[in-house]
Amino acid sequence: LNEYDFSYFAGPINDVLHGKYLLHNSPSQYGFLSIIFLSLIFKFVPLSLMNLTIVNAAIVTLGFILVFFLLQLLFKNKLFSLFTIIFIIFTNHTIQIMPEIVFLQTNFIRFGMWVLLALSICLREFYTGKEYKRLVSILTYVALTISFYWILDNGLYLLATYLTFVTFNNLSQSFWKTVKNCLQEYA
């Protein structure tokens, strides 16, 4: 266990569990909603570095299950999705230079909101022109909003990603027509 890295989560979670207000008298580098979410879990599970590791592993597992579900939505092929998720898990494990240091910094607790955004965009594309399109668009905006409060830097990355998606999805021959199409996307 890397106590230094885990302290960015464990310290603020401990403060919230003992009545302190997050971001008022307890600093946190890893966001507001992520700490609140974890503190809700640790109201029922004793807070320790080992339990934080176990909860983290469970969340990572659920994150990979969501990615597998997303792959099935995109490719509609279970075998291809299975091989792709195995490759993603293998790559995620092997590219970390020092896994004991960056484990919490690169996992689904910190950067997992992209999966919810990707799922909402896939649903939105699936329901284009249908009666649920507005509801699914609202889900996309809710995912973006939650990501800002989950962890700010992740929210900024997702906003840039979403704006890039909307821009490329509405490209036209003319710059101003592209801008107009993008603005209509939000109306």
# chains A, B, ... in the order shown; residues from 1 in each chain; ligands from 1
>>> select_by_dssp(residues="chain A", states="helix (DSSP H, G or I)", output="PyMOL selection string")
chain A and resi 3-17+33-41+49-75+78-94+99-102+108-111+113-126+133-150+152-169+175-186
>>> closest_residue(among="A:Thr161, A:Asn92, A:Ser34, A:Asn169", to="Tyr149 (chain A)", atoms="only C-alpha atoms")
A:Ser34
>>> residues_around(residues="Ser120 (chain A)", least_positions_apart="6", cutoff="9 Å", atoms="only C-alpha atoms", output="list of chain:residue names")
A:Val136, A:Ser137, A:Leu139, A:Thr140, A:Tyr141, A:Ala143
>>> residues_around(residues="Leu71 (chain A)", least_positions_apart="4", cutoff="9 Å", atoms="only C-alpha atoms", output="PDB file with C-alpha atoms, in the first residue's frame")
ATOM      1  CA  LEU A  66     -18.979  -0.773 -17.691  1.00  0.00           C
ATOM      2  CA  VAL A  67     -16.299  -0.455 -20.370  1.00  0.00           C
ATOM      3  CA  PHE A  75     -19.288  -3.242 -31.658  1.00  0.00           C
ATOM      4  CA  LYS A  76     -22.282  -5.554 -31.111  1.00  0.00           C
ATOM      5  CA  ASN A  77     -19.851  -8.483 -30.897  1.00  0.00           C
ATOM      6  CA  LYS A  78     -19.247 -10.170 -27.529  1.00  0.00           C
ATOM      7  CA  PHE A  80     -14.474  -8.860 -30.012  1.00  0.00           C
ATOM      8  CA  SER A  81     -15.549  -6.908 -26.907  1.00  0.00           C
ATOM      9  CA  LEU A  82     -14.040  -9.586 -24.668  1.00  0.00           C
ATOM     10  CA  THR A  84     -10.744  -5.695 -26.430  1.00  0.00           C
ATOM     11  CA  ILE A  85     -11.419  -5.472 -22.692  1.00  0.00           C
TER      12      ILE A  85
END
>>> closest_residue(among="A:Gln173, A:Leu183, A:Leu49, A:Leu70", to="Leu123 (chain A)", atoms="only C-alpha atoms")
A:Leu70
>>> residues_around(residues="Ala10 (chain A)", least_positions_apart="5", cutoff="8 Å", atoms="only C-alpha atoms", output="number ranges by chain")
A: 47-49, 52
>>> write_last_selection(atoms="all heavy atoms", output="short mmCIF file (atom, residue, chain, number, x, y, z; two decimals), in the first residue's frame")
data_model
loop_
_atom_site.label_atom_id
_atom_site.label_comp_id
_atom_site.auth_asym_id
_atom_site.auth_seq_id
_atom_site.Cartn_x
_atom_site.Cartn_y
_atom_site.Cartn_z
N LEU A 47 -12.86 2.43 7.93
CA LEU A 47 -11.85 3.07 7.08
C LEU A 47 -10.46 2.62 7.49
O LEU A 47 -10.04 2.82 8.63
CB LEU A 47 -11.95 4.59 7.18
CG LEU A 47 -10.92 5.38 6.37
CD1 LEU A 47 -11.06 5.10 4.88
CD2 LEU A 47 -11.06 6.87 6.64
N SER A 48 -9.78 1.98 6.57
CA SER A 48 -8.37 1.61 6.72
C SER A 48 -7.78 1.59 5.32
O SER A 48 -8.50 1.57 4.32
CB SER A 48 -8.21 0.24 7.39
OG SER A 48 -8.67 -0.78 6.53
N LEU A 49 -6.46 1.60 5.24
CA LEU A 49 -5.84 1.58 3.92
C LEU A 49 -6.15 0.27 3.19
O LEU A 49 -6.33 0.26 1.98
CB LEU A 49 -4.34 1.80 4.03
CG LEU A 49 -3.92 3.21 4.44
CD1 LEU A 49 -2.41 3.31 4.54
CD2 LEU A 49 -4.45 4.24 3.46
N LEU A 52 -9.69 0.58 1.95
CA LEU A 52 -9.70 1.52 0.82
C LEU A 52 -9.18 0.83 -0.44
O LEU A 52 -9.70 1.04 -1.53
CB LEU A 52 -8.86 2.75 1.15
CG LEU A 52 -8.83 3.86 0.11
CD1 LEU A 52 -10.23 4.38 -0.20
CD2 LEU A 52 -7.95 5.01 0.57
#
>>> residues_around(residues="Ile59 (chain A)", least_positions_apart="3", cutoff="9 Å", atoms="only C-alpha atoms", output="PyMOL selection string")
chain A and resi 54-56+62-64+107-109
>>> write_last_selection(atoms="N, CA and C atoms", output="mmCIF file, in the first residue's frame")
data_model
loop_
_atom_site.group_PDB
_atom_site.id
_atom_site.type_symbol
_atom_site.label_atom_id
_atom_site.label_comp_id
_atom_site.auth_asym_id
_atom_site.auth_seq_id
_atom_site.Cartn_x
_atom_site.Cartn_y
_atom_site.Cartn_z
ATOM 1 N N ILE A 54 -9.415 -2.411 -1.077
ATOM 2 C CA ILE A 54 -10.446 -3.360 -1.494
ATOM 3 C C ILE A 54 -11.591 -2.633 -2.201
ATOM 4 N N VAL A 55 -12.048 -1.525 -1.636
ATOM 5 C CA VAL A 55 -13.111 -0.737 -2.280
ATOM 6 C C VAL A 55 -12.636 -0.231 -3.633
ATOM 7 N N ASN A 56 -11.404 0.231 -3.693
ATOM 8 C CA ASN A 56 -10.834 0.707 -4.951
ATOM 9 C C ASN A 56 -10.820 -0.414 -5.990
ATOM 10 N N LEU A 62 -15.802 -2.853 -11.404
ATOM 11 C CA LEU A 62 -17.063 -2.352 -11.949
ATOM 12 C C LEU A 62 -16.825 -1.423 -13.140
ATOM 13 N N GLY A 63 -15.769 -0.644 -13.079
ATOM 14 C CA GLY A 63 -15.430 0.233 -14.198
ATOM 15 C C GLY A 63 -15.125 -0.551 -15.461
ATOM 16 N N PHE A 64 -14.357 -1.635 -15.328
ATOM 17 C CA PHE A 64 -14.055 -2.455 -16.497
ATOM 18 C C PHE A 64 -15.301 -3.170 -17.010
ATOM 19 N N ASN A 107 -7.163 5.520 -11.953
ATOM 20 C CA ASN A 107 -8.209 4.504 -11.999
ATOM 21 C C ASN A 107 -9.589 5.113 -12.196
ATOM 22 N N PHE A 108 -10.610 4.283 -12.016
ATOM 23 C CA PHE A 108 -11.977 4.716 -12.280
ATOM 24 C C PHE A 108 -12.521 5.678 -11.242
ATOM 25 N N ILE A 109 -11.973 5.663 -10.042
ATOM 26 C CA ILE A 109 -12.452 6.636 -9.053
ATOM 27 C C ILE A 109 -12.122 8.049 -9.530
#
>>> closest_residue(among="A:Ile151, A:Ala160, A:Ile89, A:Met50", to="Ile36 (chain A)", atoms="only C-alpha atoms")
A:Ile151
>>> closest_residue(among="A:Tyr132, A:Phe126, A:Tyr8, A:Phe32", to="Asp153 (chain A)", atoms="only C-alpha atoms")
A:Phe32
>>> closest_residue(among="A:Phe175, A:Trp114, A:Phe165, A:Tyr30", to="Thr145 (chain A)", atoms="only C-alpha atoms")
A:Trp114
>>> atom_distance(atom1="CA of Tyr162 (chain A)", atom2="CA of Arg110 (chain A)")
17.9 Å
